[in-house]
Amino acid sequence: MQEALRFLAPQAEPVSAPDFVEQARLLRRTPDVPRGLAVTIRGLRKSFGDNEVLRDIDLHIPAGQFVAIVGRSGCGKSTLLRLIAGLETIDAGSISLGEDVRPQDVRVMFQEPRLLPWARVLSNVEVGLGRDRQSRDAQARADKALTEVGLDDKRNDWPTVLSGGQKQRVALARALVSDPRVLAFDEPLGALDALTRISMQRLLERVWFDQGFTAILVTHDVAEAVALADRVLVIEDGQIAHDIDVAIRRPRRRGSADLAALEGSILRELLRAGDDTSER
Amino acid sequence: MSLIDSLPKARSFRIPRADGLIPWVVPLAIVLVWQAASVAGLVPARVLPAPSDVVLAGWKLLLSGELERNIWVSFWRASTGFLIGGGIGFAFGLANGLSQRSEKLTDTTLQMVRNVPHLALIPLVILWFGIDETAKLFLVALGVFFPIYLNTLHGIRTVDPQLVEMGRIYGMSDGELFRRVIFPGALPSIFVGVRFALGIMWLTLIVAETIAASSGLGYMAMQAREFMLIDVVVLSILIYALLGKLADSASRALERLTLAWHPAFRKH
């Protein structure tokens with residue numbers, strides 16, 4: 001946390017964690033910053049048929065934190081994300097995002113861009129405004145979001161002519177246009193090539209930084225998780241097996257020794273857990 | 001547009017404005033060869049009259065007003081029957097595509113009716129309606145119904161469920177979801193149905209007019225056969241070909257207009 005602050009304001013003195021959150025807010029570039037929402041999960045359970053996917057999940061995500069969730073395929077990480085985003089119903093327990101949450105406060109970005117191929121880029125972004133689509137400033141807001149992801153020159157194009165990375169950036173603009181307070185990413189970069197991934201990761205980090213939403217990223221890529229997140233959750237067999245603080249200052253340098261060491265230890269843990277399961 | 005056309009083209013030498021004429025080269029060549037063969041006496045006029053004789057017959061019929069009247073009558077029957085049958089097919093396709101209950105209730109019945117060749121109903125239709133307009137409209141509407149019904153249903157069923165989920169997440173109402181996601185997604189498939197239906201429309205109409213009518217192109221051809229006017233018979237057949245082409249072009253133009261987003265329909 002303190003390390004992160006030096007990135008925000010290199011000249012600032014190290015401060016304690018709660019102060020950091022306040023200072024980070026003050027330092028963000030956009031004026032009326034939508035504040036992130038804290039997410040509190042208690043005793044969460046979810047099954048599909050006889051298969052219990054998640055059990056006894058207790059988790060608190062402070063407002064504005066960037067959390068990455070990693071785990072093997074089928075460990076329940078995507079289900080946890082879909083539950084937080086309200087895309088699935090809860091079997092038992094509770095998920096709280098605080099009071100007065102509007103639908104447009106929580107947005108999801110998927111592995112597939114899910115753009116409407118028959119709508120121009122700009123109207124695809126306008127979809128993200130939800131009920132505000134009809135408002136007079138809809139187009140201006142959509143334009144602003146497109147500029148944010150660097151695609152303002154593509155506003156009148158059809159999505160089918162865009163590259164995979166550009167489509168994901170449009171999807172990001174669509175998620176951002178309503179100024180969400182929680183943004184859930186379900187392996188949003190999984191289908192992109194390595195270089196596009198890296199530039200998309202930088203973009204994600206920057207918009208999170210600018211806008212101050214709470215970010216929840218599900219990924220199978222541990223390197224991505226440690227590069228972006230404040231905190232990495234490892235899920236095994238439907239439970240949170242590890243909760244790791246990533247105390248590495250931003251901007252983080254890809255391939256630096258401390259990132260690599262952390263990535264290595266998380267990977268080892270995942271592999272060990274997997275071997276245990278297969279022996280059983 | 002065929003698959004080949006949609007592939008990127010190699011740079012090639014082009015005569016300006018010749019592109020639009022290329023499709024007509026083959027029909028024109030056939031007519032020329034045919035005319036030459038007739039003039040040379042290779043094809044007896046009793047079997048196949050020369051194109052010039054066909055044109056002449058057409059001109060005579062045009063002057064008498066008979067040709068326009070018959071074309072107009074056939075066109076009216078075709079389009080009215082198409083709109084009625086297509087409209088009902090589209091409505092059922094929508095209802096059954098969007099509602100499980102509606103599909104359970106009607107799909108089995110519709111599939112049973114579909115497997116009866118609609119032209120087999122001609123005797124029954126004549127008994128019901130005589131050789132009235134209703135008979136022709138009924139048959140055309142019935143023939144057109146199924147391709148449009150099936151393809152509308154299929155189109156709605158195959159709309160990407162991920163897009164539907166996206167629409168719901170972003171707070172679209174049912175009406176909006178239909179207008180912005182489901183209908184545009186089903187449109188390419190609906191157009192396939194329309195083009196199938198256009199073919200069936202002409203086929204049904206001509207058969208119905210040949211068997212039970214007192215006007216129209218099919219009737220004109222049957223009358224000409226009675227009087228051994230082979231040039232008029234050939235003329236009718238050529239007019240079918242032209243009308244069919246016209247209907248197909250119209251539906252293609254509509255496709256290009258509404259499916260501009262689709263890579264296969266984009267102009268290069």
# chains A, B, ... in the order shown; residues from 1 in each chain; ligands from 1
$ interface_residues --of "chain A" --to "chain B" --cutoff "10 Å" --atoms "only C-alpha atoms" --output "MDAnalysis selection string"
chainID A and resid 85:87 103:104 106:110 112:120 127:133 157:161 174:175 178
$ write_last_selection --atoms "N, CA and C atoms" --output "CSV table (one decimal), in the first residue's frame"
chain,number,residue,atom,x,y,z
A,85,ALA,N,-21.4,-10.0,-9.4
A,85,ALA,CA,-22.0,-9.2,-10.4
A,85,ALA,C,-23.5,-9.3,-10.5
A,86,GLY,N,-24.0,-10.3,-9.8
A,86,GLY,CA,-25.5,-10.5,-9.8
A,86,GLY,C,-26.0,-11.3,-11.0
A,87,LEU,N,-25.1,-12.1,-11.6
A,87,LEU,CA,-25.5,-12.8,-12.8
A,87,LEU,C,-26.1,-14.2,-12.4
A,103,PRO,N,-28.1,-0.3,-10.7
A,103,PRO,CA,-27.7,-1.4,-11.5
A,103,PRO,C,-26.4,-1.0,-12.3
A,104,GLN,N,-26.3,0.3,-12.7
A,104,GLN,CA,-25.2,0.7,-13.6
A,104,GLN,C,-23.9,0.9,-12.7
A,106,VAL,N,-22.5,-1.6,-11.1
A,106,VAL,CA,-21.7,-2.8,-11.3
A,106,VAL,C,-21.7,-3.2,-12.7
A,107,ARG,N,-20.5,-3.4,-13.3
A,107,ARG,CA,-20.4,-3.7,-14.7
A,107,ARG,C,-19.4,-4.9,-14.8
A,108,VAL,N,-19.7,-5.7,-15.8
A,108,VAL,CA,-18.9,-6.9,-16.1
A,108,VAL,C,-18.2,-6.9,-17.5
A,109,MET,N,-17.0,-7.3,-17.5
A,109,MET,CA,-16.4,-7.4,-18.8
A,109,MET,C,-16.0,-8.9,-19.0
A,110,PHE,N,-16.4,-9.5,-20.1
A,110,PHE,CA,-16.2,-10.9,-20.3
A,110,PHE,C,-15.0,-11.2,-21.2
A,112,GLU,N,-15.2,-12.7,-24.0
A,112,GLU,CA,-15.6,-12.3,-25.4
A,112,GLU,C,-16.1,-10.8,-25.3
A,113,PRO,N,-15.8,-10.0,-26.3
A,113,PRO,CA,-16.2,-8.6,-26.2
A,113,PRO,C,-17.8,-8.4,-26.1
A,114,ARG,N,-18.5,-9.4,-26.7
A,114,ARG,CA,-20.0,-9.3,-26.7
A,114,ARG,C,-20.5,-8.0,-27.2
A,115,LEU,N,-19.9,-7.5,-28.4
A,115,LEU,CA,-20.4,-6.3,-29.0
A,115,LEU,C,-21.6,-6.7,-29.9
A,116,LEU,N,-22.5,-5.7,-30.1
A,116,LEU,CA,-23.6,-6.0,-31.1
A,116,LEU,C,-23.0,-5.7,-32.5
A,117,PRO,N,-22.9,-6.8,-33.3
A,117,PRO,CA,-22.2,-6.6,-34.6
A,117,PRO,C,-22.9,-5.6,-35.5
A,118,TRP,N,-24.3,-5.4,-35.3
A,118,TRP,CA,-25.1,-4.6,-36.2
A,118,TRP,C,-25.2,-3.2,-35.6
A,119,ALA,N,-24.4,-2.8,-34.6
A,119,ALA,CA,-24.4,-1.4,-34.2
A,119,ALA,C,-23.0,-0.9,-34.3
A,120,ARG,N,-22.9,0.4,-34.7
A,120,ARG,CA,-21.6,1.0,-34.8
A,120,ARG,C,-21.0,1.1,-33.4
A,127,VAL,N,-24.8,1.5,-25.3
A,127,VAL,CA,-25.5,0.4,-24.6
A,127,VAL,C,-25.2,0.4,-23.1
A,128,GLY,N,-23.9,0.7,-22.8
A,128,GLY,CA,-23.4,0.7,-21.4
A,128,GLY,C,-24.1,1.7,-20.5
A,129,LEU,N,-24.8,2.7,-21.0
A,129,LEU,CA,-25.4,3.7,-20.2
A,129,LEU,C,-26.7,3.2,-19.5
A,130,GLY,N,-27.1,2.0,-19.9
A,130,GLY,CA,-28.3,1.4,-19.3
A,130,GLY,C,-29.5,2.3,-19.5
A,131,ARG,N,-30.2,2.7,-18.4
A,131,ARG,CA,-31.4,3.5,-18.5
A,131,ARG,C,-31.1,4.9,-19.0
A,132,ASP,N,-29.8,5.3,-18.9
A,132,ASP,CA,-29.5,6.7,-19.3
A,132,ASP,C,-29.3,6.9,-20.8
A,133,ARG,N,-29.6,5.8,-21.5
A,133,ARG,CA,-29.3,5.8,-23.0
A,133,ARG,C,-30.1,6.9,-23.7
A,157,ASP,N,-17.2,3.0,-36.9
A,157,ASP,CA,-16.9,1.7,-37.6
A,157,ASP,C,-17.9,0.6,-37.1
A,158,TRP,N,-18.0,-0.4,-37.9
A,158,TRP,CA,-18.7,-1.6,-37.5
A,158,TRP,C,-17.7,-2.4,-36.6
A,159,PRO,N,-18.2,-3.1,-35.6
A,159,PRO,CA,-17.3,-3.9,-34.7
A,159,PRO,C,-16.5,-5.0,-35.5
A,160,THR,N,-17.2,-5.5,-36.6
A,160,THR,CA,-16.5,-6.6,-37.3
A,160,THR,C,-15.2,-6.2,-37.9
A,161,VAL,N,-14.9,-4.9,-38.1
A,161,VAL,CA,-13.7,-4.6,-38.8
A,161,VAL,C,-12.6,-4.3,-37.8
A,174,ARG,N,-17.6,0.5,-23.0
A,174,ARG,CA,-19.0,0.2,-22.7
A,174,ARG,C,-19.2,0.0,-21.2
A,175,ALA,N,-18.3,-0.7,-20.6
A,175,ALA,CA,-18.4,-0.9,-19.2
A,175,ALA,C,-18.1,0.3,-18.4
A,178,SER,N,-20.8,4.1,-17.8
A,178,SER,CA,-21.8,4.5,-16.7
A,178,SER,C,-21.1,4.8,-15.4
$ residues_around --residues "B:Asn151" --least-positions-apart "5" --cutoff "6 Å" --atoms "only C-alpha atoms" --output "PyMOL selection string"
chain B and resi 189-190+193
$ write_last_selection --atoms "C-alpha atoms" --output "compact mmCIF listing (two decimals), in the first residue's frame"
# COMPACT_ATOMS: atom_id res chain seq x y z
CA SER B 189 -31.64 -16.06 -41.33
CA ILE B 190 -34.98 -14.38 -42.04
CA GLY B 193 -36.25 -17.62 -45.66
$ select_by_dssp --residues "stretch 21-137 of chain A" --states "strand (DSSP E or B)" --output "JSON, numbers by chain"
{"A": [39, 40, 41, 42, 43, 44, 45, 46, 47, 48, 51, 52, 53, 54, 55, 56, 57, 58, 59, 60, 61, 66, 67, 68, 69, 70, 71, 92, 93, 94, 95, 96, 106, 107, 108, 109]}
$ closest_residue --among "B:Ala253, B:Ala78, B:Val159, B:Leu150" --to "B:Tyr240" --atoms "only C-alpha atoms"
B:Ala78
$ residues_around --residues "A:Gly93" --least-positions-apart "4" --cutoff "6 Å" --atoms "only C-alpha atoms" --output "number ranges by chain"
A: 42-44
$ write_last_selection --atoms "N, CA and C atoms" --output "PDB file, in the first residue's frame"
ATOM      1  N   ARG A  42     -20.402 -13.007   2.996  1.00  0.00           N
ATOM      2  CA  ARG A  42     -20.454 -13.820   4.222  1.00  0.00           C
ATOM      3  C   ARG A  42     -21.100 -15.166   3.944  1.00  0.00           C
ATOM      4  N   GLY A  43     -20.402 -16.231   4.314  1.00  0.00           N
ATOM      5  CA  GLY A  43     -20.957 -17.592   4.282  1.00  0.00           C
ATOM      6  C   GLY A  43     -21.567 -17.983   2.944  1.00  0.00           C
ATOM      7  N   LEU A  44     -20.899 -17.576   1.872  1.00  0.00           N
ATOM      8  CA  LEU A  44     -21.485 -17.787   0.542  1.00  0.00           C
ATOM      9  C   LEU A  44     -21.364 -19.246   0.097  1.00  0.00           C
TER      10      LEU A  44
END
$ atom_distance --atom1 "atom CA of A:His60" --atom2 "atom CA of A:Thr40"
4.5 Å
$ select_by_dssp --residues "stretch 31-249 of chain A" --states "helix (DSSP H, G or I)" --output "PyMOL selection string"
chain A and resi 77-84+103-105+121-127+130-134+138-148+152-154+159-161+164-176+194-211+222-228
$ residues_around --residues "A:Ala229" --least-positions-apart "5" --cutoff "9 Å" --atoms "only C-alpha atoms" --output "number ranges by chain"
A: 65-68, 205, 215-217, 224, 245-246
